[in-house]
Amino acid sequence: MKKKIAFPFLLLATFSMVACGNDTPAPSISIEETSSSEEVSSSEKESSSELSLIDYAAETHLTEDYFGKSFLKDGIGQVDLKQKIDGDTAHFYPVGTTSNLIKARYNCIDTPESTGMIEPYGYGASDRNGELLANAKTIVLSTDPADQGDKGSVPVTDSTGGRYLTYIWVSEKANAPYDELRLVNLILVQEGWSKQKGATGKQFASAFLNANNQAMQAGFNIWSGKDDPDERYQKAKAQSSEVSLKNIVEGKNAVGEDFDWVGSKATFEATVAATGPDKGACYLNEDIDGKRYGIYVFTQYKELKPLTVIGNRVKITGTVARFGEDEESGDEGALQLVDAKYSPWGQEGDIETLEKGDGTYQELTGSIKDLAIEDNINVICSLKGLTCYGGKAVQDTATKTAYAFTLKCRDSAGEEINIRIDDGLAIYPGDQPGGDNTQPRVQNIEYFKSATNIDVKGAMVTYYGRYQIKLCTRTDLVVTGADSALAY
């Protein structure tokens with residue numbers, strides 16, 4: 001005979017696994033276990049509110065003491081809550097301080113969205129996370145050894161570059177012993193507020209996988225097969241639960257409220273406007289309400305098939321990040337999308353091809369004055385009739401042959417802009433696009449300064465507050481009338 005096992009997920013809190021607003025409550029659980037010889041009534045057997053469950057959160061413990069340690073130095077440490085963001089993100093300060101903000105992205109889970117995008121059960125997941133944190137008198141963050149690589153105990157940031165992958169441990173006791181803490185990440189999976197994500201190979205992999213399977217079998221919350229009854233979700237759904245590239249660039253959530261997307265997941269449709277310069281990367285552009293919007297997609301140098309064809313219209317899901325911020329100049333940097341996955345075998349992924357492209361996309365054309373504006377950041381633009389009056393060439397210290405260039409250019413009206421050529425894009429002497437490719441690659445800035453005309457197509461970005469065109473492929477640069485003898 002199966003045992004009815006009941007447990008509180010926080011030390012002093014009686015817990016009931018329920019979907020927010022569900023008419024039928026999930027199992028109500030107490031700390032005691034029934035005797036194996038005790039008879040269970042037929043009404044109990046038939047009740048959907050009583051199931052045999054395992055409390056994986058109660059069985060999972062922090063394996064080292066946190067006293068006297070700092071999360072930012074040691075990868076484990078006590079913190080104070082500054083702000084709960086959503087179901088799997090919160091901000092903390094090292095305990096007793098109000099500096100060195102720690103933006104924590106919960107490890108091994110991925111709750112539905114409730115901030116920018118609005119997804120079913122996202123509000124409930126956010127509420128539950130907030131409840132667990134608010135009731136805690138001890139909060140400890142720890143990292144997973146599998147995430148550290150060669151960094152030792154120093155925590156590393158996730159793919160957005162601004163958040164730490166963390167386990168969040170809590171207790172309703174002040175300064176609780178480390179082995180009495182409960183893992184919030186695991187509780188959220190166990191209660192069906194989140195899928196486990198990326199737990200394989202991690203420190204608590206078996207607990208996450210088992211808790212995930214149990215929640216699926218029990219049909220808790222996201223696994224219930226029912227529409228989210230939360231009134232907030234229903235209201236958002238009625239308005240719109242979808243977002244566009246316009247929302248992300250303009251900083252608005254799905255219902256039109258101000259929202260900083262950095263660190264949040266987004267799903268939207270757009271067109272591949274250019275590929276490169278990094279391997280596998282691309283720029284997505286989209287015309288919405290008479291205006292063009294853009295974002296750079298970084299794929300960690302992996303080629304994801306739908307993003308390799310210019311003109312492909314795709315639906316994509318990823319995490320929004322920023323790259324190139326500079327406090328001194330006030331440059332906020334450019335928006336990026338990271339963490340997008342794709343499976344060519346039809347398995348679950350984050351990229352869907354909606355329409356196939358023909359390898360072309362009509363870029364914006366015009367003068368520097370027209371195109372070098374904030375509205376065109378990450379938009380593919382074309383400029384013609386430029387001349388180079390300065391800049392610099394930087395040699396790749398590893399290869400001794402690759403060169404990155406920053407060309408200072410102006411047009412006939414005297415307006416100025418930079419052209420950025422990464423060292424992975426070899427430019428050769430000659431008047432045809434990218435050069436004739438029969439001589440060694442250009443190594444000297446003087447070659448560009450000697451040219452009578454330069455035409456370029458690329459992404460409009462900023463660098464230290466100055467607008468520049470970032471070259472995506474070498475054939476999008478045409479240098480005319482330059483002295484080949486000055487190339488080396």
# chains A, B, ... in the order shown; residues from 1 in each chain; ligands from 1
>>> select_by_dssp(residues="segment 160-221 of chain A", states="strand (DSSP E)", output="NGL selection string")
:A and (164-171 or 182-183 or 195-196)
>>> residues_around(residues="segment 99-104 of chain A", least_positions_apart="3", cutoff="12 Å", atoms="only C-alpha atoms", output="count of residues only")
46
>>> residues_around(residues="segment 331-342 of chain A", least_positions_apart="6", cutoff="6 Å", atoms="only C-alpha atoms", output="VMD selection string")
chain A and resid 295 to 298 317 to 325 349 to 351 464 to 465
>>> write_last_selection(atoms="N, CA, C and O atoms", output="PDB file, in the first residue's frame")
ATOM      1  N   ILE A 295      17.358  44.167 -33.910  1.00  0.00           N
ATOM      2  CA  ILE A 295      18.043  43.563 -32.769  1.00  0.00           C
ATOM      3  C   ILE A 295      19.099  42.600 -33.311  1.00  0.00           C
ATOM      4  O   ILE A 295      18.943  42.032 -34.402  1.00  0.00           O
ATOM      5  N   TYR A 296      20.191  42.448 -32.581  1.00  0.00           N
ATOM      6  CA  TYR A 296      21.272  41.535 -32.956  1.00  0.00           C
ATOM      7  C   TYR A 296      21.057  40.212 -32.235  1.00  0.00           C
ATOM      8  O   TYR A 296      20.743  40.184 -31.040  1.00  0.00           O
ATOM      9  N   VAL A 297      21.205  39.107 -32.938  1.00  0.00           N
ATOM     10  CA  VAL A 297      21.057  37.781 -32.347  1.00  0.00           C
ATOM     11  C   VAL A 297      22.427  37.119 -32.250  1.00  0.00           C
ATOM     12  O   VAL A 297      23.078  36.866 -33.267  1.00  0.00           O
ATOM     13  N   PHE A 298      22.874  36.860 -31.028  1.00  0.00           N
ATOM     14  CA  PHE A 298      24.156  36.199 -30.798  1.00  0.00           C
ATOM     15  C   PHE A 298      23.896  34.734 -30.491  1.00  0.00           C
ATOM     16  O   PHE A 298      23.143  34.400 -29.572  1.00  0.00           O
ATOM     17  N   THR A 317      12.401  32.909 -29.929  1.00  0.00           N
ATOM     18  CA  THR A 317      12.346  33.125 -28.486  1.00  0.00           C
ATOM     19  C   THR A 317      13.768  33.177 -27.947  1.00  0.00           C
ATOM     20  O   THR A 317      14.592  32.328 -28.283  1.00  0.00           O
ATOM     21  N   GLY A 318      14.059  34.153 -27.128  1.00  0.00           N
ATOM     22  CA  GLY A 318      15.382  34.265 -26.517  1.00  0.00           C
ATOM     23  C   GLY A 318      15.350  35.241 -25.359  1.00  0.00           C
ATOM     24  O   GLY A 318      14.297  35.802 -25.014  1.00  0.00           O
ATOM     25  N   THR A 319      16.497  35.444 -24.755  1.00  0.00           N
ATOM     26  CA  THR A 319      16.631  36.375 -23.639  1.00  0.00           C
ATOM     27  C   THR A 319      17.259  37.664 -24.136  1.00  0.00           C
ATOM     28  O   THR A 319      18.251  37.648 -24.852  1.00  0.00           O
ATOM     29  N   VAL A 320      16.673  38.788 -23.748  1.00  0.00           N
ATOM     30  CA  VAL A 320      17.160  40.092 -24.187  1.00  0.00           C
ATOM     31  C   VAL A 320      18.346  40.519 -23.319  1.00  0.00           C
ATOM     32  O   VAL A 320      18.317  40.395 -22.096  1.00  0.00           O
ATOM     33  N   ALA A 321      19.393  41.010 -23.962  1.00  0.00           N
ATOM     34  CA  ALA A 321      20.593  41.466 -23.256  1.00  0.00           C
ATOM     35  C   ALA A 321      21.067  42.769 -23.905  1.00  0.00           C
ATOM     36  O   ALA A 321      20.504  43.224 -24.901  1.00  0.00           O
ATOM     37  N   ARG A 322      22.099  43.360 -23.312  1.00  0.00           N
ATOM     38  CA  ARG A 322      22.734  44.542 -23.904  1.00  0.00           C
ATOM     39  C   ARG A 322      24.228  44.285 -24.038  1.00  0.00           C
ATOM     40  O   ARG A 322      24.825  43.571 -23.237  1.00  0.00           O
ATOM     41  N   PHE A 323      24.817  44.906 -25.047  1.00  0.00           N
ATOM     42  CA  PHE A 323      26.250  44.788 -25.260  1.00  0.00           C
ATOM     43  C   PHE A 323      26.812  46.159 -25.593  1.00  0.00           C
ATOM     44  O   PHE A 323      26.229  46.904 -26.380  1.00  0.00           O
ATOM     45  N   GLY A 324      27.941  46.495 -24.981  1.00  0.00           N
ATOM     46  CA  GLY A 324      28.619  47.738 -25.323  1.00  0.00           C
ATOM     47  C   GLY A 324      28.237  48.933 -24.487  1.00  0.00           C
ATOM     48  O   GLY A 324      28.459  50.072 -24.900  1.00  0.00           O
ATOM     49  N   GLU A 325      27.668  48.695 -23.275  1.00  0.00           N
ATOM     50  CA  GLU A 325      27.344  49.832 -22.411  1.00  0.00           C
ATOM     51  C   GLU A 325      28.619  50.552 -21.976  1.00  0.00           C
ATOM     52  O   GLU A 325      29.656  49.928 -21.746  1.00  0.00           O
ATOM     53  N   GLY A 349      12.305  23.684 -29.859  1.00  0.00           N
ATOM     54  CA  GLY A 349      13.311  24.715 -30.066  1.00  0.00           C
ATOM     55  C   GLY A 349      12.686  26.087 -29.959  1.00  0.00           C
ATOM     56  O   GLY A 349      11.508  26.234 -29.632  1.00  0.00           O
ATOM     57  N   ASP A 350      13.493  27.110 -30.239  1.00  0.00           N
ATOM     58  CA  ASP A 350      13.052  28.487 -30.054  1.00  0.00           C
ATOM     59  C   ASP A 350      12.926  29.255 -31.366  1.00  0.00           C
ATOM     60  O   ASP A 350      12.643  30.451 -31.339  1.00  0.00           O
ATOM     61  N   ILE A 351      13.153  28.627 -32.514  1.00  0.00           N
ATOM     62  CA  ILE A 351      13.127  29.334 -33.789  1.00  0.00           C
ATOM     63  C   ILE A 351      12.262  28.576 -34.788  1.00  0.00           C
ATOM     64  O   ILE A 351      12.467  27.384 -35.014  1.00  0.00           O
ATOM     65  N   TYR A 464      31.001  53.949 -27.706  1.00  0.00           N
ATOM     66  CA  TYR A 464      31.415  55.095 -26.895  1.00  0.00           C
ATOM     67  C   TYR A 464      30.703  56.372 -27.341  1.00  0.00           C
ATOM     68  O   TYR A 464      31.292  57.446 -27.435  1.00  0.00           O
ATOM     69  N   GLY A 465      29.433  56.224 -27.621  1.00  0.00           N
ATOM     70  CA  GLY A 465      28.618  57.379 -27.952  1.00  0.00           C
ATOM     71  C   GLY A 465      28.700  57.855 -29.383  1.00  0.00           C
ATOM     72  O   GLY A 465      28.020  58.815 -29.751  1.00  0.00           O
TER      73      GLY A 465
END
>>> closest_residue(among="A:Leu471, A:Gly130, A:Cys108, A:Asp230", to="Gly198 of chain A", atoms="only C-alpha atoms")
A:Cys108
>>> residues_around(residues="Gly435 of chain A", least_positions_apart="6", cutoff="12 Å", atoms="only C-alpha atoms", output="MDAnalysis selection string")
chainID A and resid 425:429 441:442 447:448 474:482 484 487
>>> residues_around(residues="Asn378 of chain A", least_positions_apart="2", cutoff="12 Å", atoms="only C-alpha atoms", output="number ranges by chain")
A: 245, 249, 272-274, 282-286, 292-297, 322-323, 333-337, 363-364, 371-376, 380-381, 458-462, 467-472
